[in-house]
Amino acid sequence: MPFGRPDAKKGNSYTIKVKVKAEVVPDDQMMSRISKGQGVQDDPSAPLNVSLWTEKKEYRQSEKVKVYIKGNKPFYARVVYKDAQGSLLQLLPNPYRLSNYFNGGVIYEIPSGEDKFELEVTPPFGSENILVYGSTSNLGEIEIEPIGGIYKIKTSSENIGINTRGIALKAKSSDEKGKAAEFSETEISIKTGR
């Protein structure tokens with residue numbers, strides 16, 4: 001026997017209204033780990049977190065810089081180098097390493113493998129920055145131009161993050177789930193000198 005109240009507009013059918021009152025209880029252990037910064041870097045159930053580091057914080061002329069990135073879950077990334085004069089270079093993806101997809105829990109070295117460049121310290125010296133824009137979904141486009149084994153970024157520094165997180169309309173296939181993208185932006189500074 002049907003229950004609920006009859007819906008006059010639908011004849012004999014019935015409608016059911018359900019009101020749910022729920023209490024959301026946070027996971028105390030997870031919240032404690034997040035607040036203390038313990039294990040979040042490797043926890044795939046935590047929000048996207050992309051770590052970025054170099055072997056040291058100060059480099060001298062002619063030394064080579066290696067950049068390392070690691071995410072706590074699979075992610076897409078754009079790696080940007082800002083030199084002492086403010087020029088912006090996209091290290092990844094680049095003309096030789098087009099893929100910008102990275103597995104979670106794996107340390108990636110830049111430059112390496114297919115890359116056709118080295119990061120050698122040359123004048124002008126000063127404070128230089130390395131940035132990683134990461135997301136669990138594909139990244140938006142920025143304006144770039146190839147120069148050797150990397151790309152020169154033509155988009156203004158203020159708009160790189162905005163464009164990277166940019167939203168593009170696209171058709172949704174029937175098997176795609178409506179999951180929100182997660183973003184992580186990380187920046188480190190290094191000093192260069194003689």
# chains A, B, ... in the order shown; residues from 1 in each chain; ligands from 1
call {"tool": "residues_around", "arguments": {"residues": "Ser51 (chain A)", "least_positions_apart": "5", "cutoff": "9 Å", "atoms": "only C-alpha atoms", "output": "list in words"}}
result
Gln41, Tyr68, Ile69, Lys70, Gly71, Asn72, Val132 and Thr186 of chain A
call {"tool": "write_last_selection", "arguments": {"atoms": "N, CA and C atoms", "output": "PDB file, in the first residue's frame"}}
result
ATOM      1  N   GLN A  41      51.165  15.557   4.086  1.00  0.00           N
ATOM      2  CA  GLN A  41      51.865  15.602   2.804  1.00  0.00           C
ATOM      3  C   GLN A  41      51.747  14.296   2.041  1.00  0.00           C
ATOM      4  N   TYR A  68      62.435  19.668  -7.009  1.00  0.00           N
ATOM      5  CA  TYR A  68      61.716  18.427  -6.715  1.00  0.00           C
ATOM      6  C   TYR A  68      60.275  18.753  -6.342  1.00  0.00           C
ATOM      7  N   ILE A  69      59.349  17.944  -6.854  1.00  0.00           N
ATOM      8  CA  ILE A  69      57.940  18.092  -6.488  1.00  0.00           C
ATOM      9  C   ILE A  69      57.364  16.724  -6.134  1.00  0.00           C
ATOM     10  N   LYS A  70      56.375  16.748  -5.249  1.00  0.00           N
ATOM     11  CA  LYS A  70      55.690  15.517  -4.836  1.00  0.00           C
ATOM     12  C   LYS A  70      54.305  15.900  -4.336  1.00  0.00           C
ATOM     13  N   GLY A  71      53.299  15.191  -4.809  1.00  0.00           N
ATOM     14  CA  GLY A  71      51.932  15.420  -4.356  1.00  0.00           C
ATOM     15  C   GLY A  71      51.429  14.260  -3.513  1.00  0.00           C
ATOM     16  N   ASN A  72      50.438  14.531  -2.700  1.00  0.00           N
ATOM     17  CA  ASN A  72      49.871  13.478  -1.864  1.00  0.00           C
ATOM     18  C   ASN A  72      48.842  12.629  -2.611  1.00  0.00           C
ATOM     19  N   VAL A 132      54.755  26.163  -8.063  1.00  0.00           N
ATOM     20  CA  VAL A 132      54.035  25.029  -8.630  1.00  0.00           C
ATOM     21  C   VAL A 132      52.550  25.308  -8.464  1.00  0.00           C
ATOM     22  N   THR A 186      52.220  26.299  -4.486  1.00  0.00           N
ATOM     23  CA  THR A 186      53.375  26.287  -3.596  1.00  0.00           C
ATOM     24  C   THR A 186      54.476  27.141  -4.198  1.00  0.00           C
TER      25      THR A 186
END
call {"tool": "select_by_dssp", "arguments": {"residues": "region 35-194 of chain A", "states": "strand (DSSP E or B)", "output": "compact mmCIF listing (two decimals) with N, CA and C atoms, in the first residue's frame"}}
result
# COMPACT_ATOMS: atom_id res chain seq x y z
N VAL A 50 50.86 19.76 -2.79
CA VAL A 50 52.04 19.53 -3.61
C VAL A 50 53.24 20.16 -2.91
N SER A 51 54.22 19.32 -2.55
CA SER A 51 55.45 19.80 -1.91
C SER A 51 56.45 20.18 -2.99
N LEU A 52 57.25 21.17 -2.69
CA LEU A 52 58.23 21.72 -3.63
C LEU A 52 59.50 22.02 -2.84
N TRP A 53 60.66 21.59 -3.36
CA TRP A 53 61.90 21.89 -2.67
C TRP A 53 63.09 21.81 -3.63
N THR A 54 64.22 22.35 -3.17
CA THR A 54 65.49 22.25 -3.87
C THR A 54 66.49 21.68 -2.87
N GLU A 58 70.62 28.44 -1.04
CA GLU A 58 71.54 29.41 -1.64
C GLU A 58 72.44 28.71 -2.65
N TYR A 59 72.59 29.33 -3.81
CA TYR A 59 73.40 28.77 -4.89
C TYR A 59 74.40 29.81 -5.37
N ARG A 60 75.57 29.33 -5.78
CA ARG A 60 76.63 30.19 -6.31
C ARG A 60 76.71 30.06 -7.83
N LYS A 64 74.37 24.05 -10.45
CA LYS A 64 73.13 23.58 -11.08
C LYS A 64 72.05 23.44 -10.01
N VAL A 65 70.85 23.88 -10.34
CA VAL A 65 69.70 23.79 -9.44
C VAL A 65 68.82 22.63 -9.90
N VAL A 67 65.08 20.91 -9.00
CA VAL A 67 63.80 21.18 -8.33
C VAL A 67 63.08 19.84 -8.15
N TYR A 68 62.43 19.67 -7.01
CA TYR A 68 61.72 18.43 -6.72
C TYR A 68 60.28 18.75 -6.34
N ILE A 69 59.35 17.94 -6.85
CA ILE A 69 57.94 18.09 -6.49
C ILE A 69 57.36 16.72 -6.13
N LYS A 70 56.38 16.75 -5.25
CA LYS A 70 55.69 15.52 -4.84
C LYS A 70 54.30 15.90 -4.34
N GLY A 71 53.30 15.19 -4.81
CA GLY A 71 51.93 15.42 -4.36
C GLY A 71 51.43 14.26 -3.51
N PHE A 75 48.02 14.42 -9.62
CA PHE A 75 47.75 15.83 -9.89
C PHE A 75 48.34 16.25 -11.23
N TYR A 76 47.85 17.38 -11.73
CA TYR A 76 48.40 18.05 -12.89
C TYR A 76 49.15 19.26 -12.35
N ALA A 77 50.26 19.64 -13.01
CA ALA A 77 51.03 20.76 -12.48
C ALA A 77 51.65 21.60 -13.58
N ARG A 78 51.87 22.85 -13.21
CA ARG A 78 52.65 23.79 -14.02
C ARG A 78 53.76 24.28 -13.08
N VAL A 79 55.01 24.15 -13.52
CA VAL A 79 56.15 24.57 -12.71
C VAL A 79 56.74 25.82 -13.36
N VAL A 80 56.83 26.89 -12.58
CA VAL A 80 57.26 28.20 -13.08
C VAL A 80 58.50 28.66 -12.33
N TYR A 81 59.45 29.22 -13.07
CA TYR A 81 60.67 29.79 -12.48
C TYR A 81 60.65 31.29 -12.71
N LYS A 82 60.81 32.05 -11.63
CA LYS A 82 60.86 33.52 -11.73
C LYS A 82 62.27 33.95 -11.34
N LEU A 88 59.56 35.27 -16.25
CA LEU A 88 58.85 34.04 -15.91
C LEU A 88 59.08 32.98 -16.97
N LEU A 89 59.51 31.81 -16.53
CA LEU A 89 59.78 30.69 -17.42
C LEU A 89 58.99 29.48 -16.94
N GLN A 90 58.34 28.80 -17.87
CA GLN A 90 57.61 27.59 -17.53
C GLN A 90 58.54 26.40 -17.76
N LEU A 91 58.90 25.74 -16.66
CA LEU A 91 59.79 24.59 -16.74
C LEU A 91 59.04 23.32 -17.14
N LEU A 92 57.83 23.17 -16.64
CA LEU A 92 56.97 22.04 -16.98
C LEU A 92 55.54 22.51 -17.11
N TYR A 101 51.04 15.54 -15.98
CA TYR A 101 50.34 14.68 -15.03
C TYR A 101 51.37 13.96 -14.17
N PHE A 102 51.14 13.94 -12.87
CA PHE A 102 52.07 13.33 -11.93
C PHE A 102 51.31 12.39 -10.99
N TYR A 108 59.35 13.81 -8.17
CA TYR A 108 59.77 14.12 -9.54
C TYR A 108 60.87 15.16 -9.49
N GLU A 109 61.88 14.98 -10.34
CA GLU A 109 63.03 15.87 -10.41
C GLU A 109 62.95 16.69 -11.70
N ILE A 110 63.27 17.98 -11.56
CA ILE A 110 63.26 18.88 -12.72
C ILE A 110 64.57 19.65 -12.71
N LEU A 119 69.29 24.10 -15.15
CA LEU A 119 69.12 25.33 -14.40
C LEU A 119 70.47 25.68 -13.78
N GLU A 120 71.26 26.48 -14.51
CA GLU A 120 72.59 26.87 -14.05
C GLU A 120 72.54 28.32 -13.58
N GLY A 126 70.38 37.23 -7.15
CA GLY A 126 69.41 37.77 -6.20
C GLY A 126 68.42 36.72 -5.76
N SER A 127 67.25 37.19 -5.40
CA SER A 127 66.19 36.29 -4.95
C SER A 127 65.41 35.78 -6.16
N GLU A 128 65.27 34.47 -6.25
CA GLU A 128 64.55 33.85 -7.35
C GLU A 128 63.49 32.93 -6.76
N ASN A 129 62.40 32.75 -7.48
CA ASN A 129 61.29 31.95 -6.97
C ASN A 129 60.94 30.80 -7.90
N ILE A 130 60.48 29.72 -7.32
CA ILE A 130 59.97 28.58 -8.06
C ILE A 130 58.55 28.36 -7.55
N LEU A 131 57.62 28.23 -8.48
CA LEU A 131 56.21 28.07 -8.11
C LEU A 131 55.64 26.82 -8.77
N VAL A 132 54.75 26.16 -8.06
CA VAL A 132 54.03 25.03 -8.63
C VAL A 132 52.55 25.31 -8.46
N TYR A 133 51.85 25.24 -9.58
CA TYR A 133 50.39 25.34 -9.59
C TYR A 133 49.89 23.92 -9.85
N GLY A 134 49.23 23.32 -8.88
CA GLY A 134 48.76 21.95 -9.02
C GLY A 134 47.26 21.86 -8.91
N SER A 135 46.67 20.84 -9.55
CA SER A 135 45.23 20.62 -9.51
C SER A 135 44.94 19.14 -9.76
N ILE A 144 52.18 31.33 -23.70
CA ILE A 144 53.59 30.97 -23.63
C ILE A 144 54.21 30.99 -25.02
N GLU A 145 55.55 31.07 -25.04
CA GLU A 145 56.28 30.99 -26.31
C GLU A 145 57.53 30.16 -26.08
N PRO A 146 57.83 29.20 -26.96
CA PRO A 146 59.00 28.35 -26.75
C PRO A 146 60.31 29.11 -26.92
N ILE A 147 61.23 28.87 -25.99
CA ILE A 147 62.59 29.40 -26.11
C ILE A 147 63.53 28.26 -25.68
N ILE A 150 62.42 25.24 -22.89
CA ILE A 150 61.37 25.66 -21.96
C ILE A 150 60.44 26.65 -22.67
N TYR A 151 59.50 27.19 -21.91
CA TYR A 151 58.60 28.21 -22.44
C TYR A 151 58.78 29.51 -21.67
N LYS A 152 58.79 30.62 -22.39
CA LYS A 152 58.72 31.94 -21.77
C LYS A 152 57.25 32.24 -21.56
N ILE A 153 56.90 32.70 -20.38
CA ILE A 153 55.49 33.00 -20.08
C ILE A 153 55.21 34.44 -20.44
N PHE A 183 42.98 22.40 -5.69
CA PHE A 183 44.13 23.17 -6.15
C PHE A 183 45.17 23.27 -5.05
N SER A 184 46.41 23.36 -5.45
CA SER A 184 47.51 23.57 -4.53
C SER A 184 48.51 24.50 -5.21
N GLU A 185 48.87 25.56 -4.54
CA GLU A 185 49.89 26.47 -5.07
C GLU A 185 51.00 26.56 -4.04
N THR A 186 52.22 26.30 -4.49
CA THR A 186 53.37 26.29 -3.60
C THR A 186 54.48 27.14 -4.20
N GLU A 187 55.17 27.88 -3.36
CA GLU A 187 56.26 28.73 -3.84
C GLU A 187 57.42 28.65 -2.87
N ILE A 188 58.63 28.57 -3.41
CA ILE A 188 59.83 28.65 -2.59
C ILE A 188 60.76 29.71 -3.18
N SER A 189 61.63 30.24 -2.37
CA SER A 189 62.63 31.22 -2.81
C SER A 189 64.01 30.65 -2.63
N ILE A 190 64.88 30.96 -3.57
CA ILE A 190 66.30 30.63 -3.43
C ILE A 190 67.09 31.90 -3.66
N LYS A 191 68.30 31.95 -3.12
CA LYS A 191 69.20 33.09 -3.32
C LYS A 191 70.32 32.64 -4.23
N THR A 192 70.66 33.50 -5.18
CA THR A 192 71.78 33.21 -6.08
C THR A 192 72.81 34.33 -5.92
N GLY A 193 74.09 33.95 -6.08
CA GLY A 193 75.17 34.94 -5.95
C GLY A 193 76.47 34.42 -6.51
call {"tool": "atom_distance", "arguments": {"atom1": "CA of Gln61 (chain A)", "atom2": "CA of Pro124 (chain A)"}}
result
9.8 Å
call {"tool": "atom_distance", "arguments": {"atom1": "CA of Thr122 (chain A)", "atom2": "CA of Asn94 (chain A)"}}
result
21.1 Å
call {"tool": "residues_around", "arguments": {"residues": "region 164-166 of chain A", "least_positions_apart": "2", "cutoff": "6 Å", "atoms": "only C-alpha atoms", "output": "list of chain:residue names"}}
result
A:Leu139, A:Gly140, A:Ile160, A:Gly161, A:Ile162
call {"tool": "select_by_dssp", "arguments": {"residues": "region 79-165 of chain A", "states": "alpha helix (DSSP H)", "output": "VMD selection string"}}
result
chain A and resid 157 to 164
